[in-house]
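One file, protein-v7.cif, carrying mmCIF, C-alpha atoms and all ligand atoms:
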data_query
loop_
_atom_site.label_atom_id
_atom_site.label_comp_id
_atom_site.auth_asym_id
_atom_site.auth_seq_id
_atom_site.Cartn_x
_atom_site.Cartn_y
_atom_site.Cartn_z
CA MET A 1 41.55 -0.88 -22.01
CA ALA A 2 41.79 2.88 -22.32
CA CYS A 3 45.32 4.10 -22.80
CA HIS A 4 45.03 6.20 -19.64
CA LYS A 5 42.73 6.41 -16.59
CA ASP A 6 41.93 9.98 -17.56
CA TYR A 7 40.53 8.82 -20.84
CA GLU A 8 38.53 6.08 -19.22
CA TYR A 9 36.97 8.74 -17.00
CA LYS A 10 36.30 10.93 -20.01
CA LEU A 11 34.53 8.10 -21.79
CA HIS A 12 32.12 7.77 -18.88
CA GLN A 13 31.65 11.53 -18.74
CA TYR A 14 30.78 11.41 -22.38
CA LEU A 15 28.27 8.57 -21.87
CA ASP A 16 26.61 10.61 -19.13
CA GLY A 17 26.40 13.67 -21.39
CA ASP A 18 28.57 15.60 -18.95
CA MET A 19 30.85 17.29 -21.48
CA THR A 20 31.25 20.67 -23.06
CA GLU A 21 31.48 20.87 -26.82
CA THR A 22 35.24 21.49 -26.68
CA GLU A 23 35.84 18.50 -24.41
CA ARG A 24 33.76 16.36 -26.73
CA ASP A 25 35.67 17.45 -29.84
CA GLU A 26 38.92 16.73 -28.08
CA LEU A 27 37.71 13.23 -27.17
CA TYR A 28 36.55 12.52 -30.74
CA GLN A 29 39.99 13.47 -32.02
CA HIS A 30 41.61 11.15 -29.51
CA LEU A 31 39.34 8.23 -30.44
CA ASP A 32 40.32 8.71 -34.10
CA THR A 33 43.94 8.18 -33.27
CA CYS A 34 43.92 5.82 -30.24
CA GLU A 35 42.71 2.30 -30.94
CA GLU A 36 42.71 1.21 -27.26
CA CYS A 37 40.34 3.97 -26.29
CA ALA A 38 38.18 3.44 -29.38
CA ILE A 39 37.73 -0.24 -28.47
CA HIS A 40 37.06 0.60 -24.84
CA TYR A 41 34.37 3.04 -25.89
CA LYS A 42 32.72 0.48 -28.20
CA GLU A 43 32.67 -2.10 -25.42
CA LEU A 44 31.07 0.32 -22.97
CA LYS A 45 28.50 1.35 -25.53
CA LYS A 46 27.71 -2.29 -26.22
CA SER A 47 27.30 -3.08 -22.49
CA VAL A 48 24.85 -0.25 -22.12
CA MET A 49 22.91 -1.42 -25.15
CA PHE A 50 22.77 -4.92 -23.76
CA VAL A 51 21.29 -3.76 -20.49
CA GLN A 52 18.86 -1.53 -22.32
CA SER A 53 17.79 -4.50 -24.41
CA ALA A 54 16.59 -6.28 -21.28
CA SER A 55 12.96 -6.89 -22.06
CA HIS A 56 10.49 -5.16 -19.86
CA ILE A 57 8.96 -7.47 -17.36
CA GLU A 58 5.41 -7.27 -16.16
CA ALA A 59 4.15 -7.97 -12.68
CA PRO A 60 2.69 -11.47 -12.27
CA PHE A 61 -0.97 -12.24 -12.84
CA GLU A 62 -3.27 -11.01 -10.06
CA PHE A 63 -0.47 -9.12 -8.39
CA THR A 64 -2.74 -6.30 -7.24
CA GLU A 65 -5.22 -8.74 -5.70
CA GLY A 66 -2.37 -10.33 -3.79
CA VAL A 67 -1.32 -6.97 -2.37
CA LEU A 68 -4.86 -6.05 -1.35
CA LYS A 69 -5.36 -9.36 0.42
CA ASN A 70 -2.39 -8.58 2.61
CA LEU A 71 -3.44 -5.12 3.67
CA PRO A 72 -3.64 -4.71 7.45
CA ALA A 73 -7.22 -5.23 8.66
CA LYS A 74 -7.34 -2.14 10.83
CA LYS A 75 -6.82 0.11 7.87
CA LYS A 76 -10.02 -1.26 6.40
CA THR A 77 -12.01 0.74 8.93
CA LYS A 78 -13.75 3.61 7.30
CA TRP A 79 -12.35 6.97 8.32
CA TRP A 80 -15.58 8.11 9.94
CA LYS A 81 -15.72 5.03 12.11
CA LYS A 82 -12.14 5.52 13.13
CA TRP A 83 -12.86 9.11 13.92
CA MET A 84 -15.90 8.17 16.00
CA ARG A 85 -13.98 5.62 17.93
CA GLN A 86 -11.47 8.30 18.83
CA HIS A 87 -14.13 10.82 19.82
CA PRO A 88 -17.07 8.83 21.22
CA VAL A 89 -18.65 11.54 23.33
CA PHE A 90 -18.31 14.22 20.74
CA THR A 91 -19.59 11.82 18.12
CA ALA A 92 -22.63 10.93 20.13
CA ALA A 93 -23.30 14.60 20.72
CA SER A 94 -22.89 15.59 17.11
CA ILE A 95 -24.93 12.72 15.77
CA PHE A 96 -27.62 13.75 18.14
CA THR A 97 -27.39 17.37 17.03
CA VAL A 98 -27.42 16.66 13.35
CA LEU A 99 -29.83 13.80 13.05
CA MET A 100 -31.96 13.76 16.12
CA ALA A 101 -32.53 17.28 17.33
CA ALA A 102 -35.84 17.79 15.62
CA SER A 103 -37.25 14.29 15.76
CA LEU A 104 -36.28 13.67 19.37
CA PHE A 105 -37.84 16.86 20.50
CA PHE A 106 -41.08 16.05 18.77
CA SER A 107 -41.12 12.50 19.96
CA TRP A 108 -40.61 13.78 23.48
CA MET A 109 -43.54 16.14 23.02
CA GLU A 110 -45.69 13.35 21.66
CA GLN A 111 -44.76 11.04 24.45
CA SER A 112 -45.65 13.48 27.19
CA ASP A 113 -49.32 12.90 26.68
CA GLU A 114 -49.26 9.86 28.90
CA VAL A 115 -50.04 7.25 26.28
CA LEU A 116 -48.66 3.96 27.40
CA THR A 117 -46.48 2.38 24.74
CA VAL A 118 -44.93 -1.05 24.76
CA ALA A 119 -42.36 -2.28 22.35
CA GLY A 120 -41.19 -5.84 22.70
CA SER A 121 -42.74 -9.21 22.75
CA GLN A 122 -46.44 -10.05 22.83
CA ASN A 123 -46.01 -12.07 26.01
CA VAL A 124 -47.06 -9.24 28.31
CA GLU A 125 -50.24 -8.19 30.03
CA ILE A 126 -51.23 -4.56 30.35
CA ASP A 127 -53.13 -3.28 33.35
CA HIS A 128 -54.59 -0.03 32.04
CA GLU A 129 -55.94 1.10 35.37
CA THR A 130 -52.61 1.23 37.09
CA GLY A 131 -50.71 1.80 33.86
CA THR A 132 -48.58 -1.28 34.40
CA VAL A 133 -47.05 -3.69 31.95
CA ILE A 134 -46.76 -7.14 33.46
CA VAL A 135 -44.53 -9.95 32.34
CA PRO A 136 -46.47 -12.83 33.89
CA GLU A 137 -44.88 -15.62 35.78
CA GLY A 138 -43.71 -18.42 33.50
CA LYS A 139 -43.79 -16.14 30.43
CA THR A 140 -40.68 -15.06 28.58
CA VAL A 141 -40.13 -11.88 26.61
CA GLU A 142 -37.68 -12.69 23.87
CA GLY A 143 -35.41 -9.71 23.32
CA ASP A 144 -35.72 -6.18 24.64
CA LEU A 145 -38.73 -4.74 26.41
CA TYR A 146 -39.37 -1.07 26.09
CA VAL A 147 -42.13 0.76 27.94
CA ARG A 148 -43.07 4.42 27.85
CA ASN A 149 -45.36 6.16 30.29
CA GLY A 150 -46.02 3.07 32.32
CA HIS A 151 -44.72 0.86 35.07
CA VAL A 152 -43.30 -2.58 34.52
CA GLU A 153 -43.60 -5.57 36.69
CA VAL A 154 -41.46 -8.55 35.78
CA LYS A 155 -42.62 -11.83 37.23
CA GLY A 156 -41.45 -13.90 34.33
CA GLU A 157 -38.34 -13.40 32.20
CA VAL A 158 -36.92 -10.84 29.79
CA THR A 159 -34.02 -12.16 27.72
CA GLY A 160 -32.85 -8.73 26.56
CA ASP A 161 -32.71 -5.23 28.07
CA LEU A 162 -35.53 -3.60 29.95
CA THR A 163 -36.06 0.11 29.44
CA VAL A 164 -38.70 2.12 31.22
CA ILE A 165 -39.38 5.69 30.26
CA ASN A 166 -41.42 7.84 32.61
CA GLY A 167 -42.21 4.93 34.81
CA GLU A 168 -40.84 2.52 37.34
CA GLN A 169 -39.91 -1.07 37.06
CA TYR A 170 -40.52 -3.70 39.63
CA LEU A 171 -38.67 -6.94 39.47
CA ALA A 172 -40.41 -9.70 41.35
CA SER A 173 -38.20 -12.13 43.24
CA ALA A 174 -38.97 -14.84 40.73
CA GLY A 175 -38.60 -12.50 37.77
CA ARG A 176 -35.49 -12.22 35.72
CA VAL A 177 -34.02 -9.72 33.24
CA ALA A 178 -31.02 -11.02 31.41
CA GLY A 179 -29.89 -7.68 29.99
CA GLU A 180 -29.62 -4.22 31.46
CA ILE A 181 -32.42 -2.50 33.31
CA GLU A 182 -32.76 1.18 32.65
CA GLU A 183 -35.21 3.74 33.92
CA VAL A 184 -35.46 6.98 32.06
CA ASP A 185 -37.74 9.67 33.32
CA GLN A 186 -36.60 13.03 32.16
CA ALA A 187 -36.36 14.64 28.80
CA LEU A 188 -32.63 15.03 29.11
CA GLU A 189 -32.10 11.44 30.06
CA TRP A 190 -34.38 10.39 27.29
CA ILE A 191 -32.18 12.25 24.87
CA TRP A 192 -29.04 10.87 26.44
CA TYR A 193 -30.49 7.40 26.30
CA HIS A 194 -31.13 7.79 22.59
CA THR A 195 -27.74 9.22 21.79
CA LYS A 196 -26.07 6.43 23.66
CA ARG A 197 -28.17 3.95 21.77
CA ILE A 198 -27.13 5.42 18.45
CA ALA A 199 -23.52 5.35 19.50
CA ASN A 200 -23.84 1.73 20.56
CA ASP A 201 -25.43 0.85 17.26
CA VAL A 202 -22.65 2.54 15.38
CA PHE A 203 -19.97 0.80 17.37
CA SER A 204 -21.51 -2.62 17.15
CA LEU A 205 -21.84 -2.04 13.41
CA GLU A 206 -18.16 -1.30 13.31
CA GLN A 207 -17.24 -4.40 15.22
CA GLU A 208 -19.24 -6.51 12.84
CA ASP A 209 -17.24 -5.06 9.98
CA GLU A 210 -13.93 -6.04 11.40
CA MET J 1 -0.87 10.87 -14.79
CA ASP J 2 0.47 13.07 -12.01
CA ALA J 3 -2.99 14.51 -11.40
CA VAL J 4 -4.47 11.01 -11.19
CA VAL J 5 -1.76 9.90 -8.78
CA LYS J 6 -2.32 12.97 -6.60
CA ARG J 7 -6.05 12.31 -6.42
CA LEU J 8 -5.52 8.64 -5.55
CA ILE J 9 -3.04 9.47 -2.82
CA LYS J 10 -5.38 12.04 -1.35
CA GLU J 11 -8.09 9.39 -1.11
CA ILE J 12 -5.74 6.86 0.44
CA LYS J 13 -4.48 9.38 2.98
CA LYS J 14 -8.00 10.41 3.90
CA ASP J 15 -9.50 7.04 4.74
CA GLY J 16 -7.19 4.31 3.54
CA ASP J 17 -9.38 3.91 0.43
CA GLU J 18 -8.58 0.45 -0.89
CA LYS J 19 -10.05 1.05 -4.32
CA ALA J 20 -7.83 4.06 -4.84
CA PHE J 21 -4.90 2.04 -3.56
CA ALA J 22 -5.64 -0.79 -6.02
CA GLU J 23 -5.57 1.75 -8.86
CA LEU J 24 -2.24 3.04 -7.61
CA VAL J 25 -0.80 -0.48 -7.46
CA ASP J 26 -1.97 -1.10 -11.02
CA LEU J 27 -0.19 2.03 -12.20
CA TYR J 28 3.18 1.14 -10.66
CA LYS J 29 3.24 -2.63 -10.28
CA ASP J 30 5.19 -3.37 -13.47
CA LYS J 31 7.95 -0.89 -12.72
CA VAL J 32 8.22 -1.95 -9.10
CA PHE J 33 8.27 -5.62 -10.05
CA GLN J 34 10.84 -4.95 -12.74
CA ILE J 35 13.18 -3.22 -10.27
CA ALA J 36 12.69 -6.03 -7.75
CA TYR J 37 13.28 -8.69 -10.38
CA ARG J 38 16.45 -7.13 -11.72
CA MET J 39 17.71 -6.52 -8.18
CA THR J 40 17.03 -9.97 -6.73
CA GLY J 41 17.50 -11.95 -9.92
CA ASN J 42 14.58 -14.27 -9.34
CA HIS J 43 10.86 -14.30 -9.70
CA TYR J 44 9.89 -15.43 -6.20
CA GLU J 45 11.88 -12.89 -4.27
CA ALA J 46 10.88 -10.22 -6.74
CA GLN J 47 7.20 -10.87 -6.12
CA ASP J 48 7.81 -10.83 -2.39
CA MET J 49 9.75 -7.56 -2.50
CA ALA J 50 7.33 -5.87 -4.87
CA GLN J 51 4.35 -6.80 -2.73
CA GLU J 52 6.12 -5.68 0.43
CA SER J 53 6.94 -2.36 -1.24
CA PHE J 54 3.29 -1.59 -1.82
CA LEU J 55 2.25 -2.73 1.65
CA ARG J 56 4.84 -0.43 3.20
CA ALA J 57 3.80 2.42 0.97
CA TYR J 58 0.22 1.93 2.13
CA ALA J 59 1.14 1.70 5.79
CA ASN J 60 3.36 4.79 5.61
CA ILE J 61 1.39 6.88 3.15
CA ASP J 62 1.06 9.67 5.74
CA ARG J 63 4.81 10.11 5.59
CA TYR J 64 4.84 10.64 1.84
CA ASP J 65 5.46 14.29 1.00
CA GLU J 66 3.11 15.23 -1.84
CA ASN J 67 5.49 17.87 -3.15
CA ARG J 68 7.82 15.11 -4.28
CA LYS J 69 7.34 12.59 -7.03
CA PHE J 70 5.46 9.54 -5.82
CA SER J 71 7.50 7.14 -7.97
CA THR J 72 10.71 8.41 -6.34
CA TRP J 73 9.35 7.61 -2.91
CA LEU J 74 7.97 4.24 -3.98
CA PHE J 75 11.11 3.13 -5.84
CA ARG J 76 13.19 4.07 -2.83
CA ILE J 77 11.15 1.69 -0.70
CA THR J 78 11.66 -1.04 -3.32
CA THR J 79 15.40 -0.59 -3.74
CA ASN J 80 15.94 -0.40 0.02
CA LEU J 81 13.96 -3.58 0.57
CA CYS J 82 15.91 -5.38 -2.15
CA ILE J 83 19.32 -4.21 -0.93
CA ASP J 84 18.32 -5.35 2.58
CA ARG J 85 17.28 -8.72 1.22
CA LEU J 86 20.55 -9.14 -0.67
CA ARG J 87 22.48 -8.30 2.49
CA LYS J 88 20.62 -10.91 4.48
CA ARG J 89 21.45 -13.67 2.05
CA LYS J 90 23.77 -16.32 3.32
CA PRO J 91 27.39 -15.69 2.40
CA ASP J 92 27.46 -18.90 0.34
CA TYR J 93 24.46 -17.82 -1.73
CA SER J 94 25.74 -18.33 -5.25
CA LEU J 95 24.90 -16.74 -8.52
CA ASP J 96 23.75 -20.13 -9.78
CA GLU J 97 20.99 -20.11 -7.19
CA GLU J 98 19.89 -16.72 -8.40
CA ILE J 99 19.75 -17.97 -11.94
CA LYS J 100 17.82 -21.10 -10.97
CA GLY J 101 14.90 -18.92 -10.05
CA THR J 102 14.69 -17.17 -13.40
CA ASP J 103 11.72 -19.19 -14.60
CA GLY J 104 9.51 -16.13 -14.76
CA LEU J 105 11.85 -14.47 -17.22
CA THR J 106 9.62 -12.43 -19.52
CA GLY J 107 7.24 -15.34 -19.95
CA TYR J 108 9.40 -16.93 -22.63
CA ALA J 109 9.54 -20.10 -20.59
CA GLN J 110 5.80 -20.63 -21.01
CA ILE J 111 5.95 -19.95 -24.72
CA ALA J 112 8.78 -22.41 -25.08
CA ALA J 113 6.68 -25.16 -23.56
CA THR J 114 3.83 -24.82 -26.04
CA ASP J 115 5.33 -23.58 -29.29
CA GLN J 116 8.44 -24.23 -31.25
CA LEU J 117 10.49 -21.08 -30.98
CA PRO J 118 11.91 -19.61 -34.18
CA GLU J 119 15.70 -19.37 -34.31
CA ASP J 120 15.89 -15.64 -33.65
CA GLN J 121 13.68 -15.93 -30.60
CA VAL J 122 15.94 -18.57 -29.12
CA VAL J 123 18.80 -16.15 -29.60
CA THR J 124 16.74 -13.42 -27.92
CA LEU J 125 16.00 -15.71 -25.01
CA GLU J 126 19.67 -16.54 -24.59
CA MET J 127 20.56 -12.90 -24.72
CA GLN J 128 17.93 -12.07 -22.13
CA GLU J 129 19.42 -14.65 -19.82
CA TRP J 130 22.86 -13.26 -20.40
CA VAL J 131 21.71 -9.74 -19.60
CA GLN J 132 20.01 -10.83 -16.40
CA LYS J 133 23.09 -12.78 -15.29
CA ALA J 134 25.27 -9.77 -16.01
CA ILE J 135 23.03 -7.46 -14.00
CA VAL J 136 22.80 -9.70 -10.95
CA SER J 137 26.54 -10.22 -11.02
CA LEU J 138 27.02 -6.54 -10.15
CA PRO J 139 27.52 -5.52 -6.52
CA PRO J 140 24.14 -4.29 -5.18
CA LYS J 141 24.99 -0.60 -5.09
CA TYR J 142 26.14 -0.57 -8.72
CA ARG J 143 23.27 -2.85 -9.63
CA SER J 144 20.58 -0.50 -8.36
CA ALA J 145 22.12 2.50 -10.13
CA ILE J 146 22.45 0.62 -13.44
CA ILE J 147 18.88 -0.73 -13.26
CA LEU J 148 17.40 2.68 -12.56
CA ARG J 149 19.53 4.33 -15.25
CA TYR J 150 19.22 1.89 -18.12
CA ILE J 151 16.14 -0.21 -17.46
CA GLU J 152 13.89 2.34 -15.80
CA ASP J 153 15.48 5.05 -17.95
CA LEU J 154 15.78 7.63 -15.16
CA ASN J 155 18.22 10.53 -15.07
CA ILE J 156 21.03 11.01 -12.56
CA GLN J 157 19.07 13.49 -10.46
CA GLN J 158 16.09 11.14 -10.14
CA ILE J 159 18.35 8.24 -9.24
CA SER J 160 20.12 10.37 -6.64
CA ASN J 161 16.73 11.10 -5.05
CA ILE J 162 15.65 7.48 -5.07
CA LEU J 163 18.88 6.10 -3.66
CA ASP J 164 19.38 9.07 -1.37
CA LEU J 165 22.95 9.50 -2.57
CA PRO J 166 24.78 12.56 -3.94
CA GLU J 167 24.70 12.81 -7.74
CA ASN J 168 28.46 12.33 -7.99
CA THR J 169 28.24 9.10 -6.03
CA VAL J 170 25.50 7.87 -8.35
CA LYS J 171 27.70 8.70 -11.34
CA THR J 172 30.61 6.81 -9.83
CA HIS J 173 28.40 3.78 -9.22
CA ILE J 174 27.18 3.88 -12.80
CA HIS J 175 30.76 4.21 -14.12
CA ARG J 176 31.89 1.21 -12.08
CA GLY J 177 28.79 -0.73 -13.08
CA ARG J 178 29.43 -0.06 -16.76
CA GLU J 179 33.06 -1.10 -16.40
CA ALA J 180 32.05 -4.35 -14.68
CA LEU J 181 29.56 -5.08 -17.44
CA ARG J 182 32.13 -4.29 -20.10
CA LYS J 183 34.62 -6.75 -18.63
CA ARG J 184 31.99 -9.45 -18.37
CA LEU J 185 30.91 -8.91 -21.95
CA LYS J 186 34.51 -9.02 -23.12
CA ASP J 187 35.13 -12.31 -21.32
CA ALA J 188 31.97 -13.93 -22.63
ZN ZN A 301 43.62 6.45 -25.64
#

Let me see whether you can do it: turn the structure in this file into structure tokens.
Amino acid sequence: MACHKDYEYKLHQYLDGDMTETERDELYQHLDTCEECAIHYKELKKSVMFVQSASHIEAPFEFTEGVLKNLPAKKKTKWWKKWMRQHPVFTAASIFTVLMAASLFFSWMEQSDEVLTVAGSQNVEIDHETGTVIVPEGKTVEGDLYVRNGHVEVKGEVTGDLTVINGEQYLASAGRVAGEIEEVDQALEWIWYHTKRIANDVFSLEQEDE
Amino acid sequence: MDAVVKRLIKEIKKDGDEKAFAELVDLYKDKVFQIAYRMTGNHYEAQDMAQESFLRAYANIDRYDENRKFSTWLFRITTNLCIDRLRKRKPDYSLDEEIKGTDGLTGYAQIAATDQLPEDQVVTLEMQEWVQKAIVSLPPKYRSAIILRYIEDLNIQQISNILDLPENTVKTHIHRGREALRKRLKDA
């Protein structure tokens, strides 16, 4: 035990390197003459060395993998998806602007020439005279049916969505469309329809990811 | 390394980049685990605390001020979590229980099972156990200061930032910690 509290304090100051040269010289002189303080100093020095000798420990095997597995799921969303979810309208608009401006415009131009187009199942009949696509009674269109520049008459069944561009749809009393029915007949709506579709695709993609 | 850390943090802040985060964990996992192990005194709690430290860092990365050292911020999370854990321990939690969990100590235990240890390594192992017991016998606030000072080799200013305490308080904690260790060593 140091001969005096003051000296104990000074020993710690010395260990922390908090001493002027004069203070240090004075302490050295004291340690030469005071055995109590000299022993106290040695013991402190030894304690410090013991702690410093503690071997350095490494994190356990596969530590990083363990941390990653426990990350919150929502953070896994890519930033652009998160951003789009927060700004759906703006996103739809900007995607349209960037990606679709040119191609949509041209596809609209192409489509205006009254060529009847059908996308969907083969289970339909086309009446070219009246420009009508018919889903016959007892027949089923698996998935979406998509008709441009023509009318649609559903007597049978459509399991997906029905979309009619520049035309009208007629649903017979026996006919059935499981999904949504949409009629689009103006350029603007056509564009809006497409943008919305892109947005829906993006968002369903996102949901799949999560 | 600072430039690498800055880049990784930028990527994590931007979009929660998990790959960047994994790199960051790899860089700091040993130090964080070491602090947690010396603070809690056992392998299981240390793993728990170290993992939780990184998860909190990830969740709160937006709050990290890039003008400050990342390790300071991260180690603060770790020491706070450990001190909290120590506080929540039951009052009858004994030192013996802490020591029981020291199986993960430096991996010597595994070596001991397969090979015959030379005499000097047995001595080393005993000394390592003694050191760990001495550290966990310190009151938590002295313990954290001593660990950061002598095991992580940080200076007083860095420790003051990590523990969010004035430098003089840190010094006092280190003084008292050293005195406690000295007495323990003397009695041994
Ligand atoms: Zn003296």

Surroundings of ligand ZN 301 (chain A) up to 8 Å, based on all atoms listed in the file, as a PyMOL selection string: chain A and resi 2-4+7+30-31+33-38

Those residues with C-alpha atoms, as an mmCIF file, in the frame of the given file please?
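Saved the output as result37.cif:
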data_model
loop_
_atom_site.group_PDB
_atom_site.id
_atom_site.type_symbol
_atom_site.label_atom_id
_atom_site.label_comp_id
_atom_site.auth_asym_id
_atom_site.auth_seq_id
_atom_site.Cartn_x
_atom_site.Cartn_y
_atom_site.Cartn_z
ATOM 1 C CA ALA A 2 41.790 2.880 -22.320
ATOM 2 C CA CYS A 3 45.320 4.100 -22.800
ATOM 3 C CA HIS A 4 45.030 6.200 -19.640
ATOM 4 C CA TYR A 7 40.530 8.820 -20.840
ATOM 5 C CA HIS A 30 41.610 11.150 -29.510
ATOM 6 C CA LEU A 31 39.340 8.230 -30.440
ATOM 7 C CA THR A 33 43.940 8.180 -33.270
ATOM 8 C CA CYS A 34 43.920 5.820 -30.240
ATOM 9 C CA GLU A 35 42.710 2.300 -30.940
ATOM 10 C CA GLU A 36 42.710 1.210 -27.260
ATOM 11 C CA CYS A 37 40.340 3.970 -26.290
ATOM 12 C CA ALA A 38 38.180 3.440 -29.380
#

Chain J contacts to chain A at 8 Å (only C-alpha atoms) as JSON, numbers by chain: {"J": [14, 15, 16, 17, 18, 22, 25, 26, 29, 30, 31, 33, 34, 47, 51, 54, 55, 105, 106, 128, 131, 132, 135, 150, 151, 175, 178, 179, 181, 182, 185, 186]}

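Close contacts of stretch 82-92 of chain J, defined as residues with an atom at most 7 Å away when counting only C-alpha atoms, with chain neighbours fewer than 5 positions off set aside, comprise Ala36, Met39, Thr40, Met49 and Pro140 of chain J.
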
Å distance separating atom CA of A:Tyr146 from atom CA of A:Ile126, one decimal place: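 Straight-line distance from atom CA of A:Tyr146 to atom CA of A:Ile126 works out to 13.1 Å.
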
Two-atom distance - atom CA of A:Asp144, atom CA of A:Gly167 (Å): 16.4 Å

Coordinates-based distance that separates atom CA of J:Tyr28 from atom CA of J:Lys13 (Å, one decimal): 17.7 Å
